[in-house]
Amino acid sequence: MGCVNFTIREYRPQDFDTLWRIDQECFPPGISYSRLELAVYMRRAASFTLIAESVVNASNRLATEALPDAVSPIEILGFIVATCNRKRMSHIITIDVRQDARRLRVGSGLLKAAEKRLRTARSSWVELETAVDNLAALAFYKRHGYDLVKTIPRYYSNGVDALVLRKDLFSTSEGS
Ligand SMILES: CC(C)(COP(=O)(O)OP(=O)(O)OC[C@H]1O[C@@H](n2cnc3c(N)ncnc32)[C@H](O)[C@@H]1OP(=O)(O)O)[C@@H](O)C(=O)NCCC(=O)NCCS
């Protein structure tokens with residue numbers, strides 16, 4: 001398994017253009033968000049956005065050496081948008097990791113940080129939708145304990161079905 005040294009921090013307004021560009025890279029047309037859609041989801045009252053950012057520490061040259069070639073020091077590697085506006089049921093809106101930073105545990109770090117925050121808000125369950133043909137996401141969520149709830153036919157504007165996945169935030173050791 002590879003690794004990259006990264007930290008999770010809160011979203012800042014100046015991050016927005018970078019996040020939108022990453023979302024465009026992550027999803028095909030019809031699934032990726034317009035700038036307005038992304039902004040609306042992020043600005044919902046109960047939403048939060050967390051950022052995974054590469055870390056370079058002058059006293060730790062290995063941190064720099066561990067970065068993939070295309071990743072320059074201190075760059076946004078990915079982000080997650082989540083909301084907990086329904087009673088006890090929260091929602092992952094999107095989780096996006098740059099292509100050149102994948103399979104390095106960045107997505108796992110973002111998901112775990114968001115789940116931790118949702119538990120703190122006393123949310124019992126988290127749900128999300130993902131495209132039936134997004135095999136990477138399905139493997140990723142399965143790895144993190146998400147179960148299939150149902151299929152929503154033609155959920156996306158490109159006609160692709162969505163799978164609704166759900167996790168009991170307090171059923172695993174992470175929740176205790
Ligand atoms: C899905 C996504 C967020 C995963 O992020 P990531 O940082 O690459 O994931 P991690 O490195 O934390 O992966 C953890 C585990 O998930 C599984 N996984 C992740 N990507 C996988 C892939 N492409 N194929 C198979 N399994 C995968 C593996 O079990 C992996 O562990 P391993 O690398 O030791 O085998 C990333 O691929 C992505 O941003 N995709 C585009 C956007 C997207 O589809 N988002 C999800 C839908 S909202």
# chains A, B, ... in the order shown; residues from 1 in each chain; ligands from 1
>>> select_by_dssp(residues="chain A", states="alpha helix (DSSP H)", output="MDAnalysis selection string")
chainID A and resid 16:26 35:43 61:65 106:120 135:143
>>> write_last_selection(atoms="N, CA and C atoms", output="short mmCIF file (atom, residue, chain, number, x, y, z; two decimals), in the first residue's frame")
data_model
loop_
_atom_site.label_atom_id
_atom_site.label_comp_id
_atom_site.auth_asym_id
_atom_site.auth_seq_id
_atom_site.Cartn_x
_atom_site.Cartn_y
_atom_site.Cartn_z
N PHE A 16 -12.81 27.11 -3.26
CA PHE A 16 -13.94 26.65 -4.06
C PHE A 16 -13.56 26.28 -5.50
N ASP A 17 -12.80 27.12 -6.20
CA ASP A 17 -12.48 26.84 -7.60
C ASP A 17 -11.73 25.52 -7.73
N THR A 18 -10.81 25.27 -6.81
CA THR A 18 -10.05 24.02 -6.85
C THR A 18 -10.97 22.82 -6.63
N LEU A 19 -11.91 22.96 -5.70
CA LEU A 19 -12.83 21.85 -5.44
C LEU A 19 -13.69 21.57 -6.67
N TRP A 20 -14.16 22.61 -7.30
CA TRP A 20 -15.01 22.42 -8.48
C TRP A 20 -14.21 21.74 -9.60
N ARG A 21 -12.95 22.16 -9.77
CA ARG A 21 -12.11 21.53 -10.81
C ARG A 21 -11.89 20.05 -10.50
N ILE A 22 -11.66 19.73 -9.23
CA ILE A 22 -11.48 18.32 -8.85
C ILE A 22 -12.76 17.53 -9.13
N ASP A 23 -13.91 18.14 -8.84
CA ASP A 23 -15.19 17.44 -9.10
C ASP A 23 -15.38 17.18 -10.59
N GLN A 24 -14.99 18.15 -11.42
CA GLN A 24 -15.10 17.96 -12.87
C GLN A 24 -14.22 16.80 -13.34
N GLU A 25 -13.04 16.67 -12.69
CA GLU A 25 -12.11 15.60 -13.05
C GLU A 25 -12.62 14.24 -12.57
N CYS A 26 -13.36 14.26 -11.46
CA CYS A 26 -13.77 13.01 -10.81
C CYS A 26 -14.98 12.35 -11.46
N ARG A 35 -21.00 24.60 -11.13
CA ARG A 35 -20.49 25.43 -10.02
C ARG A 35 -21.62 25.79 -9.06
N LEU A 36 -22.79 26.11 -9.63
CA LEU A 36 -23.92 26.50 -8.79
C LEU A 36 -24.39 25.34 -7.92
N GLU A 37 -24.51 24.15 -8.52
CA GLU A 37 -24.95 22.98 -7.73
C GLU A 37 -24.01 22.73 -6.57
N LEU A 38 -22.70 22.73 -6.87
CA LEU A 38 -21.73 22.46 -5.80
C LEU A 38 -21.84 23.50 -4.70
N ALA A 39 -21.94 24.78 -5.11
CA ALA A 39 -22.04 25.86 -4.12
C ALA A 39 -23.29 25.70 -3.27
N VAL A 40 -24.41 25.34 -3.90
CA VAL A 40 -25.66 25.21 -3.15
C VAL A 40 -25.55 24.08 -2.12
N TYR A 41 -25.00 22.94 -2.53
CA TYR A 41 -24.85 21.83 -1.59
C TYR A 41 -23.94 22.22 -0.42
N MET A 42 -22.86 22.92 -0.75
CA MET A 42 -21.90 23.27 0.31
C MET A 42 -22.44 24.31 1.27
N ARG A 43 -23.37 25.16 0.76
CA ARG A 43 -23.86 26.27 1.61
C ARG A 43 -25.09 25.90 2.43
N ARG A 61 11.59 15.27 5.52
CA ARG A 61 11.73 15.22 4.07
C ARG A 61 10.95 14.05 3.48
N LEU A 62 10.77 13.00 4.27
CA LEU A 62 10.06 11.83 3.75
C LEU A 62 8.65 12.19 3.33
N ALA A 63 8.06 13.19 4.00
CA ALA A 63 6.70 13.59 3.64
C ALA A 63 6.67 14.03 2.18
N THR A 64 7.67 14.82 1.77
CA THR A 64 7.74 15.29 0.39
C THR A 64 8.00 14.12 -0.55
N GLU A 65 8.93 13.25 -0.16
CA GLU A 65 9.29 12.14 -1.03
C GLU A 65 8.14 11.17 -1.23
N VAL A 106 -6.37 8.76 1.01
CA VAL A 106 -6.92 10.11 1.17
C VAL A 106 -8.44 10.04 1.33
N GLY A 107 -9.10 9.26 0.46
CA GLY A 107 -10.56 9.13 0.56
C GLY A 107 -10.96 8.54 1.90
N SER A 108 -10.23 7.54 2.37
CA SER A 108 -10.54 6.93 3.67
C SER A 108 -10.40 7.96 4.79
N GLY A 109 -9.36 8.78 4.70
CA GLY A 109 -9.16 9.80 5.74
C GLY A 109 -10.30 10.81 5.76
N LEU A 110 -10.74 11.22 4.59
CA LEU A 110 -11.85 12.17 4.50
C LEU A 110 -13.14 11.55 5.03
N LEU A 111 -13.41 10.30 4.62
CA LEU A 111 -14.66 9.65 5.05
C LEU A 111 -14.67 9.45 6.56
N LYS A 112 -13.56 8.99 7.11
CA LYS A 112 -13.51 8.77 8.56
C LYS A 112 -13.68 10.08 9.33
N ALA A 113 -13.08 11.15 8.82
CA ALA A 113 -13.21 12.44 9.51
C ALA A 113 -14.66 12.93 9.46
N ALA A 114 -15.32 12.74 8.31
CA ALA A 114 -16.73 13.17 8.20
C ALA A 114 -17.61 12.30 9.09
N GLU A 115 -17.39 11.00 9.11
CA GLU A 115 -18.20 10.11 9.97
C GLU A 115 -18.01 10.48 11.44
N LYS A 116 -16.80 10.82 11.81
CA LYS A 116 -16.54 11.21 13.20
C LYS A 116 -17.36 12.45 13.56
N ARG A 117 -17.38 13.41 12.64
CA ARG A 117 -18.14 14.63 12.90
C ARG A 117 -19.64 14.33 13.00
N LEU A 118 -20.11 13.43 12.16
CA LEU A 118 -21.54 13.08 12.18
C LEU A 118 -21.91 12.37 13.47
N ARG A 119 -21.02 11.52 13.95
CA ARG A 119 -21.28 10.85 15.24
C ARG A 119 -21.36 11.88 16.36
N THR A 120 -20.44 12.85 16.30
CA THR A 120 -20.44 13.91 17.33
C THR A 120 -21.76 14.67 17.30
N LEU A 135 -17.42 1.42 -10.01
CA LEU A 135 -16.90 0.25 -9.29
C LEU A 135 -15.90 0.63 -8.21
N ALA A 136 -15.11 1.68 -8.47
CA ALA A 136 -14.14 2.11 -7.45
C ALA A 136 -14.87 2.58 -6.20
N ALA A 137 -15.91 3.39 -6.39
CA ALA A 137 -16.66 3.89 -5.24
C ALA A 137 -17.36 2.75 -4.51
N LEU A 138 -17.92 1.80 -5.25
CA LEU A 138 -18.61 0.69 -4.60
C LEU A 138 -17.64 -0.13 -3.76
N ALA A 139 -16.43 -0.37 -4.29
CA ALA A 139 -15.43 -1.12 -3.52
C ALA A 139 -15.00 -0.32 -2.29
N PHE A 140 -14.85 0.98 -2.49
CA PHE A 140 -14.43 1.88 -1.39
C PHE A 140 -15.46 1.88 -0.26
N TYR A 141 -16.73 2.06 -0.62
CA TYR A 141 -17.76 2.12 0.42
C TYR A 141 -17.97 0.77 1.09
N LYS A 142 -17.85 -0.30 0.32
CA LYS A 142 -17.97 -1.63 0.93
C LYS A 142 -16.87 -1.80 1.98
N ARG A 143 -15.67 -1.40 1.62
CA ARG A 143 -14.54 -1.47 2.54
C ARG A 143 -14.82 -0.71 3.84
#
>>> closest_atom_pairs(of="range 82-109 of chain A", to="range 48-53 of chain A", cutoff="10 Å", atoms="only C-alpha atoms", output="Markdown table")
| residue | atom | partner | partner_atom | distance |
| --- | --- | --- | --- | --- |
| A:Ala82 | CA | A:Phe48 | CA | 5.6 |
| A:Thr83 | CA | A:Phe48 | CA | 6.3 |
| A:Cys84 | CA | A:Phe48 | CA | 8.9 |
| A:Ile92 | CA | A:Phe48 | CA | 9.9 |
| A:Ile93 | CA | A:Thr49 | CA | 9.7 |
| A:Thr94 | CA | A:Thr49 | CA | 9.6 |
| A:Ile95 | CA | A:Leu50 | CA | 9.5 |
| A:Asp96 | CA | A:Ile51 | CA | 9.8 |
| A:Val97 | CA | A:Ala52 | CA | 8.6 |
| A:Val106 | CA | A:Ala52 | CA | 6.8 |
| A:Gly107 | CA | A:Ala52 | CA | 8.5 |
| A:Gly109 | CA | A:Ala52 | CA | 7.9 |
>>> residues_around(residues="Pro153 in chain A", least_positions_apart="2", cutoff="12 Å", atoms="only C-alpha atoms", output="PyMOL selection string")
chain A and resi 129-132+150-151+155-164
>>> write_last_selection(atoms="N, CA and C atoms", output="PDB file, in the first residue's frame")
ATOM      1  N   GLU A 129     -25.670   8.296  -2.397  1.00  0.00           N
ATOM      2  CA  GLU A 129     -25.980   7.683  -3.681  1.00  0.00           C
ATOM      3  C   GLU A 129     -24.689   7.607  -4.492  1.00  0.00           C
ATOM      4  N   THR A 130     -24.543   6.506  -5.210  1.00  0.00           N
ATOM      5  CA  THR A 130     -23.421   6.407  -6.142  1.00  0.00           C
ATOM      6  C   THR A 130     -23.883   5.658  -7.388  1.00  0.00           C
ATOM      7  N   ALA A 131     -23.235   5.950  -8.521  1.00  0.00           N
ATOM      8  CA  ALA A 131     -23.666   5.354  -9.791  1.00  0.00           C
ATOM      9  C   ALA A 131     -23.384   3.851  -9.799  1.00  0.00           C
ATOM     10  N   VAL A 132     -24.299   3.084 -10.403  1.00  0.00           N
ATOM     11  CA  VAL A 132     -24.151   1.618 -10.423  1.00  0.00           C
ATOM     12  C   VAL A 132     -22.855   1.183 -11.099  1.00  0.00           C
ATOM     13  N   LYS A 150     -31.110   0.337  -1.760  1.00  0.00           N
ATOM     14  CA  LYS A 150     -32.003   0.220  -2.917  1.00  0.00           C
ATOM     15  C   LYS A 150     -31.344   0.829  -4.151  1.00  0.00           C
ATOM     16  N   THR A 151     -31.998   0.598  -5.285  1.00  0.00           N
ATOM     17  CA  THR A 151     -31.558   1.191  -6.555  1.00  0.00           C
ATOM     18  C   THR A 151     -32.563   2.266  -6.949  1.00  0.00           C
ATOM     19  N   TYR A 155     -31.342   7.845 -11.951  1.00  0.00           N
ATOM     20  CA  TYR A 155     -31.176   8.916 -10.944  1.00  0.00           C
ATOM     21  C   TYR A 155     -30.370  10.087 -11.506  1.00  0.00           C
ATOM     22  N   TYR A 156     -29.342   9.759 -12.289  1.00  0.00           N
ATOM     23  CA  TYR A 156     -28.467  10.813 -12.801  1.00  0.00           C
ATOM     24  C   TYR A 156     -28.988  11.319 -14.144  1.00  0.00           C
ATOM     25  N   SER A 157     -28.625  12.566 -14.475  1.00  0.00           N
ATOM     26  CA  SER A 157     -29.180  13.171 -15.685  1.00  0.00           C
ATOM     27  C   SER A 157     -28.651  12.504 -16.955  1.00  0.00           C
ATOM     28  N   ASN A 158     -27.595  11.690 -16.842  1.00  0.00           N
ATOM     29  CA  ASN A 158     -27.133  10.932 -18.016  1.00  0.00           C
ATOM     30  C   ASN A 158     -27.841   9.569 -18.103  1.00  0.00           C
ATOM     31  N   GLY A 159     -28.859   9.344 -17.271  1.00  0.00           N
ATOM     32  CA  GLY A 159     -29.668   8.126 -17.362  1.00  0.00           C
ATOM     33  C   GLY A 159     -29.166   6.950 -16.557  1.00  0.00           C
ATOM     34  N   VAL A 160     -28.042   7.120 -15.872  1.00  0.00           N
ATOM     35  CA  VAL A 160     -27.460   6.013 -15.097  1.00  0.00           C
ATOM     36  C   VAL A 160     -28.220   5.846 -13.769  1.00  0.00           C
ATOM     37  N   ASP A 161     -28.433   4.581 -13.372  1.00  0.00           N
ATOM     38  CA  ASP A 161     -29.083   4.297 -12.089  1.00  0.00           C
ATOM     39  C   ASP A 161     -28.136   4.615 -10.932  1.00  0.00           C
ATOM     40  N   ALA A 162     -28.732   4.920  -9.779  1.00  0.00           N
ATOM     41  CA  ALA A 162     -27.936   5.115  -8.555  1.00  0.00           C
ATOM     42  C   ALA A 162     -28.210   3.976  -7.578  1.00  0.00           C
ATOM     43  N   LEU A 163     -27.211   3.644  -6.804  1.00  0.00           N
ATOM     44  CA  LEU A 163     -27.389   2.751  -5.658  1.00  0.00           C
ATOM     45  C   LEU A 163     -27.375   3.616  -4.411  1.00  0.00           C
ATOM     46  N   VAL A 164     -28.335   3.373  -3.521  1.00  0.00           N
ATOM     47  CA  VAL A 164     -28.330   4.053  -2.229  1.00  0.00           C
ATOM     48  C   VAL A 164     -27.629   3.126  -1.238  1.00  0.00           C
TER      49      VAL A 164
END
>>> atom_distance(atom1="CA of Ser171 in chain A", atom2="CA of Arg122 in chain A")
13.3 Å
>>> residues_around(residues="Asp147 in chain A", least_positions_apart="3", cutoff="7 Å", atoms="only C-alpha atoms", output="PyMOL selection string")
chain A and resi 142+165-167
>>> atom_distance(atom1="CA of Tyr11 in chain A", atom2="CA of Ile76 in chain A")
10.5 Å
>>> select_by_dssp(residues="range 72-163 of chain A", states="strand (DSSP E)", output="PyMOL selection string")
chain A and resi 76-86+89-97+125-131+147-152+162-163
>>> closest_residue(among="A:Ile152, A:Phe27, A:Asn5, A:Arg88", to="Asn134 in chain A", atoms="only C-alpha atoms")
A:Phe27
>>> closest_residue(among="A:Thr7, A:Ser47, A:Gln14, A:Gln99", to="ligand 1", atoms="only C-alpha atoms and all ligand atoms")
A:Gln99
>>> atom_distance(atom1="atom 39 (O, counted along the ligand's line) of ligand 1", atom2="CA of Lys87 in chain A")
27.5 Å
